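Colleague: For reference, the file protein04.txt (compact mmCIF, C-alpha atoms and all ligand atoms) is included below:
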```txt
# COMPACT_ATOMS: atom_id res chain seq x y z
CA MET A 24 -2.95 -39.62 0.11
CA ASP A 25 -2.81 -39.80 3.93
CA ASP A 26 0.43 -37.81 3.82
CA GLU A 27 -1.32 -35.15 1.75
CA LEU A 28 -4.18 -34.93 4.27
CA LEU A 29 -1.69 -34.72 7.12
CA ASP A 30 0.19 -31.97 5.31
CA ASP A 31 -3.00 -30.00 4.72
CA ALA A 32 -4.00 -30.34 8.36
CA SER A 33 -0.54 -29.28 9.52
CA LEU A 34 -0.60 -26.29 7.19
CA GLU A 35 -4.03 -25.24 8.44
CA ARG A 36 -2.90 -25.58 12.07
CA LEU A 37 0.23 -23.54 11.34
CA GLN A 38 -1.80 -20.79 9.64
CA LYS A 39 -4.18 -20.71 12.60
CA GLU A 40 -1.30 -20.43 15.06
CA MET A 41 0.29 -17.64 12.99
CA LEU A 42 -2.99 -15.73 12.94
CA GLU A 43 -3.43 -16.16 16.70
CA GLU A 44 0.09 -14.79 17.23
CA ALA A 45 -0.57 -11.90 14.83
CA ARG A 46 -3.80 -11.00 16.66
CA LYS A 47 -1.78 -10.45 19.85
CA ILE A 48 0.23 -7.73 18.08
CA TYR A 49 -1.92 -6.33 15.26
CA SER A 50 -5.42 -4.92 14.91
CA GLU A 51 -8.07 -6.74 12.89
CA LYS A 52 -7.76 -3.95 10.28
CA VAL A 53 -4.05 -4.69 9.76
CA ILE A 54 -4.71 -8.41 9.51
CA ASP A 55 -7.57 -7.87 7.06
CA HIS A 56 -5.43 -5.67 4.74
CA TRP A 57 -2.46 -8.02 5.16
CA LEU A 58 -4.48 -11.07 4.12
CA ASN A 59 -6.61 -9.25 1.50
CA PRO A 60 -4.59 -6.29 0.23
CA ARG A 61 -6.59 -3.87 -1.94
CA ASN A 62 -5.41 -2.15 -5.13
CA VAL A 63 -2.34 -4.30 -5.67
CA GLY A 64 -0.61 -3.88 -9.03
CA ARG A 65 0.69 -1.25 -11.39
CA ILE A 66 -1.47 1.05 -13.52
CA GLU A 67 -0.30 1.10 -17.12
CA GLU A 68 0.78 4.53 -18.35
CA PRO A 69 -0.05 6.20 -15.04
CA GLN A 70 -0.43 9.95 -14.67
CA GLY A 71 1.72 9.76 -11.56
CA ARG A 72 4.22 7.23 -10.29
CA GLY A 73 6.16 7.29 -7.05
CA ALA A 74 8.57 4.95 -5.34
CA ALA A 75 10.26 5.09 -1.96
CA THR A 76 12.43 3.00 0.34
CA GLY A 77 11.80 2.69 4.06
CA ILE A 78 14.44 2.89 6.78
CA CYS A 79 14.49 -0.92 6.85
CA GLY A 80 15.10 -1.21 3.09
CA ASP A 81 11.54 -2.17 2.15
CA ASN A 82 10.38 -0.66 -1.15
CA MET A 83 7.00 0.55 -2.29
CA GLU A 84 5.64 1.90 -5.57
CA MET A 85 2.33 3.63 -6.27
CA THR A 86 0.76 4.52 -9.61
CA LEU A 87 -2.14 6.90 -10.15
CA ARG A 88 -5.00 7.46 -12.55
CA ILE A 89 -6.31 11.00 -12.10
CA ASN A 90 -9.08 13.02 -13.67
CA ASN A 91 -9.79 16.68 -12.91
CA ASP A 92 -7.30 16.51 -10.04
CA ARG A 93 -9.23 13.66 -8.39
CA ILE A 94 -7.73 10.19 -7.86
CA LEU A 95 -9.83 7.74 -9.86
CA ASP A 96 -7.56 4.76 -9.32
CA ILE A 97 -4.42 3.96 -7.39
CA ASN A 98 -2.31 0.81 -7.26
CA PHE A 99 0.61 -0.18 -5.08
CA LEU A 100 3.35 -2.80 -5.09
CA THR A 101 5.75 -3.75 -2.33
CA GLU A 102 8.21 -6.47 -1.61
CA GLY A 103 8.04 -5.64 2.07
CA CYS A 104 6.58 -7.51 5.01
CA GLY A 105 2.90 -8.07 5.82
CA THR A 106 2.63 -4.77 7.72
CA THR A 107 4.06 -2.86 4.78
CA ALA A 108 1.51 -4.49 2.46
CA ALA A 109 -1.31 -3.74 4.93
CA VAL A 110 -0.49 -0.03 5.23
CA GLY A 111 0.13 0.27 1.46
CA SER A 112 -3.32 -1.19 0.91
CA MET A 113 -4.95 1.10 3.48
CA THR A 114 -3.19 4.17 2.07
CA THR A 115 -4.58 3.46 -1.40
CA GLU A 116 -8.03 3.14 0.13
CA LEU A 117 -7.62 6.47 1.92
CA ALA A 118 -6.41 8.21 -1.25
CA LYS A 119 -8.93 6.83 -3.74
CA GLY A 120 -11.62 9.39 -4.58
CA LYS A 121 -9.75 12.27 -2.94
CA THR A 122 -8.46 15.35 -4.72
CA VAL A 123 -4.70 15.64 -5.18
CA GLN A 124 -4.58 18.35 -2.50
CA GLU A 125 -6.55 16.22 -0.02
CA ALA A 126 -4.36 13.17 -0.72
CA LEU A 127 -1.18 15.22 -0.18
CA GLU A 128 -2.39 15.78 3.37
CA ILE A 129 -2.60 12.07 4.24
CA SER A 130 -0.02 11.70 6.99
CA PRO A 131 1.58 8.59 8.51
CA GLU A 132 -0.57 9.28 11.60
CA ASP A 133 -3.72 9.17 9.42
CA VAL A 134 -2.61 5.79 8.06
CA ILE A 135 -1.85 4.45 11.55
CA ALA A 136 -5.26 5.65 12.78
CA ALA A 137 -7.01 4.04 9.79
CA VAL A 138 -5.46 0.64 10.55
CA GLU A 139 -6.30 1.13 14.25
CA GLY A 140 -2.71 1.29 15.40
CA LEU A 141 0.67 -0.27 14.67
CA PRO A 142 3.31 -1.62 17.05
CA PRO A 143 6.20 0.86 17.55
CA GLU A 144 8.65 -1.16 15.44
CA HIS A 145 6.28 -1.00 12.47
CA ARG A 146 5.18 2.62 12.60
CA HIS A 147 7.78 3.44 9.95
CA CYS A 148 5.75 1.28 7.49
CA ALA A 149 3.15 4.07 7.55
CA ASP A 150 5.92 6.61 6.81
CA LEU A 151 6.89 4.57 3.76
CA ALA A 152 3.30 4.36 2.46
CA SER A 153 2.64 8.06 3.02
CA THR A 154 5.96 9.05 1.39
CA THR A 155 5.30 6.82 -1.63
CA LEU A 156 1.88 8.40 -2.11
CA LYS A 157 3.39 11.90 -1.93
CA GLU A 158 6.07 10.95 -4.47
CA ALA A 159 3.38 9.70 -6.89
CA LEU A 160 1.35 12.90 -6.39
CA LYS A 161 4.42 15.10 -6.88
CA ASP A 162 5.17 13.19 -10.09
CA TYR A 163 1.59 13.85 -11.27
CA LEU A 164 1.92 17.57 -10.49
CA ALA A 165 5.28 17.76 -12.30
CA ASN A 166 3.83 15.94 -15.32
CA LYS A 167 0.88 18.31 -15.33
CA GLN A 168 3.16 21.33 -15.49
CA GLU A 169 5.50 19.86 -18.07
CA PRO A 170 3.63 17.09 -19.92
CA TRP A 171 6.39 16.72 -22.52
CA LYS A 172 8.64 15.21 -19.82
CA ARG A 173 6.37 12.13 -19.52
CA ALA A 174 7.47 10.91 -22.93
CA TYR A 175 11.05 10.59 -21.64
CA LYS A 176 10.15 8.76 -18.41
CA ARG A 177 8.69 5.57 -19.89
FE1 LIG B 1 10.06 -1.52 7.13
FE2 LIG B 1 7.48 -2.20 6.93
S1 LIG B 1 8.53 -0.59 5.91
S2 LIG B 1 9.05 -3.25 8.04
```
Please express what this file holds, its structure, as structure tokens.

Modeller:
Amino acid sequence: MDDELLDDASLERLQKEMLEEARKIYSEKVIDHWLNPRNVGRIEEPQGRGAATGICGDNMEMTLRINNDRILDINFLTEGCGTTAAVGSMTTELAKGKTVQEALEISPEDVIAAVEGLPPEHRHCADLASTTLKEALKDYLANKQEPWKRAYKR
């Protein structure tokens, strides 16, 4: 029992130290989206799906639910690091509610601004999120033009 309490206390102290270290490098926005990522998951039978791989090998996937060319819902998945998860989360928040055309214009710089900055070595995480979104939107546009192709993608 004492061991368990000690373990809990050690874990809490470790988490606190990690957060203090992270705050020296990352904005509160990044930490918030890292700890509480929004829109995580995969939409079943999406109208658009995109996947991309970053220069570091991290992967991301986004799936879209769209009505009248407006993004009603968007999910993302990644096996990447905390920064990748944070920018994936923020990108879905930026895209939700926008038209397809507006969402296509979301740039890596927009994502970086929305999370209030990223350290230089993690700016490519925003490239990955923005590219994944564009891939999902392009898939939606291709499906819209040739809906019969969707049947063969599943
Ligand atoms: Fe490479 Fe985030 S995408 S570390």

Colleague: Which residues of chain A sit at most 10 Å from ligand LIG 1 (chain B), using all atoms listed in the file? Give each one's shortest atom pair and distance in Å (one decimal place), in chain and ascending residue order, as a tab-separated table.

Modeller:
```
residue	atom	partner	partner_atom	distance
A:Ala75	CA	B:LIG1	S1	9.9
A:Thr76	CA	B:LIG1	S1	7.7
A:Gly77	CA	B:LIG1	S1	5.0
A:Ile78	CA	B:LIG1	FE1	6.2
A:Cys79	CA	B:LIG1	FE1	4.5
A:Gly80	CA	B:LIG1	FE1	6.5
A:Asp81	CA	B:LIG1	S1	5.1
A:Asn82	CA	B:LIG1	S1	7.3
A:Met83	CA	B:LIG1	S1	8.4
A:Thr101	CA	B:LIG1	S1	9.3
A:Glu102	CA	B:LIG1	S1	9.6
A:Gly103	CA	B:LIG1	FE2	6.0
A:Cys104	CA	B:LIG1	FE2	5.7
A:Gly105	CA	B:LIG1	FE2	7.5
A:Thr106	CA	B:LIG1	FE2	5.5
A:Thr107	CA	B:LIG1	FE2	4.1
A:Ala108	CA	B:LIG1	FE2	7.8
A:Ala109	CA	B:LIG1	FE2	9.1
A:Val110	CA	B:LIG1	FE2	8.4
A:Gly111	CA	B:LIG1	FE2	9.5
A:Glu144	CA	B:LIG1	S2	7.7
A:His145	CA	B:LIG1	S2	5.7
A:Arg146	CA	B:LIG1	FE2	7.8
A:His147	CA	B:LIG1	S1	5.8
A:Cys148	CA	B:LIG1	S1	3.7
A:Ala149	CA	B:LIG1	S1	7.3
A:Asp150	CA	B:LIG1	S1	7.7
A:Leu151	CA	B:LIG1	S1	5.8
A:Ala152	CA	B:LIG1	S1	8.0
```

Colleague: Just to confirm, what's the straight-line distance from CA of Arg61 in chain A to CA of Asp96 in chain A in Å (one decimal)?

Modeller: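 Interatomic distance here is 11.4 Å.
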
Colleague: Just to confirm, what's the straight-line distance from CA of Arg72 in chain A to CA of Met85 in chain A in Å (one decimal)?

Modeller: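 Separation of CA of Arg72 in chain A and CA of Met85 in chain A: 5.7 Å.
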
Colleague: Which neighbours of Thr122 in chain A fall inside 6 Å, counting all atoms listed in the file, when residues of the same chain fewer than 2 positions from it are skipped, and could you give them as a PyMOL selection string?

Modeller: chain A and resi 92-93+124-125

Colleague: Determine the nearest neighbour of Leu58 in chain A from the options A:Gln38, A:Lys119, A:Ala74, A:Asn98, counting all atoms listed in the file.

Modeller: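 The shortest atom-to-atom distance to Leu58 in chain A comes from A:Gln38.
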
Colleague: May I ask for the distance between CA of Tyr49 in chain A and CA of Pro131 in chain A, given in Å to one decimal place?

Modeller: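 Calculated distance between CA of Tyr49 in chain A and CA of Pro131 in chain A is 16.7 Å.
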
Colleague: Nearest residue to Gln70 in chain A out of A:Ser130, A:Ser50, A:Ser112, A:Asn91, using only C-alpha atoms?

Modeller: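 Comparing A:Ser130, A:Ser50, A:Ser112, A:Asn91 against Gln70 in chain A, the winner is A:Asn91.
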
Colleague: Between A:Ile135, A:Leu34, A:Val123, A:Met113, which one has atoms that come closest to Gly71 in chain A, using only C-alpha atoms?

Modeller: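 Comparing A:Ile135, A:Leu34, A:Val123, A:Met113 against Gly71 in chain A, the winner is A:Val123.
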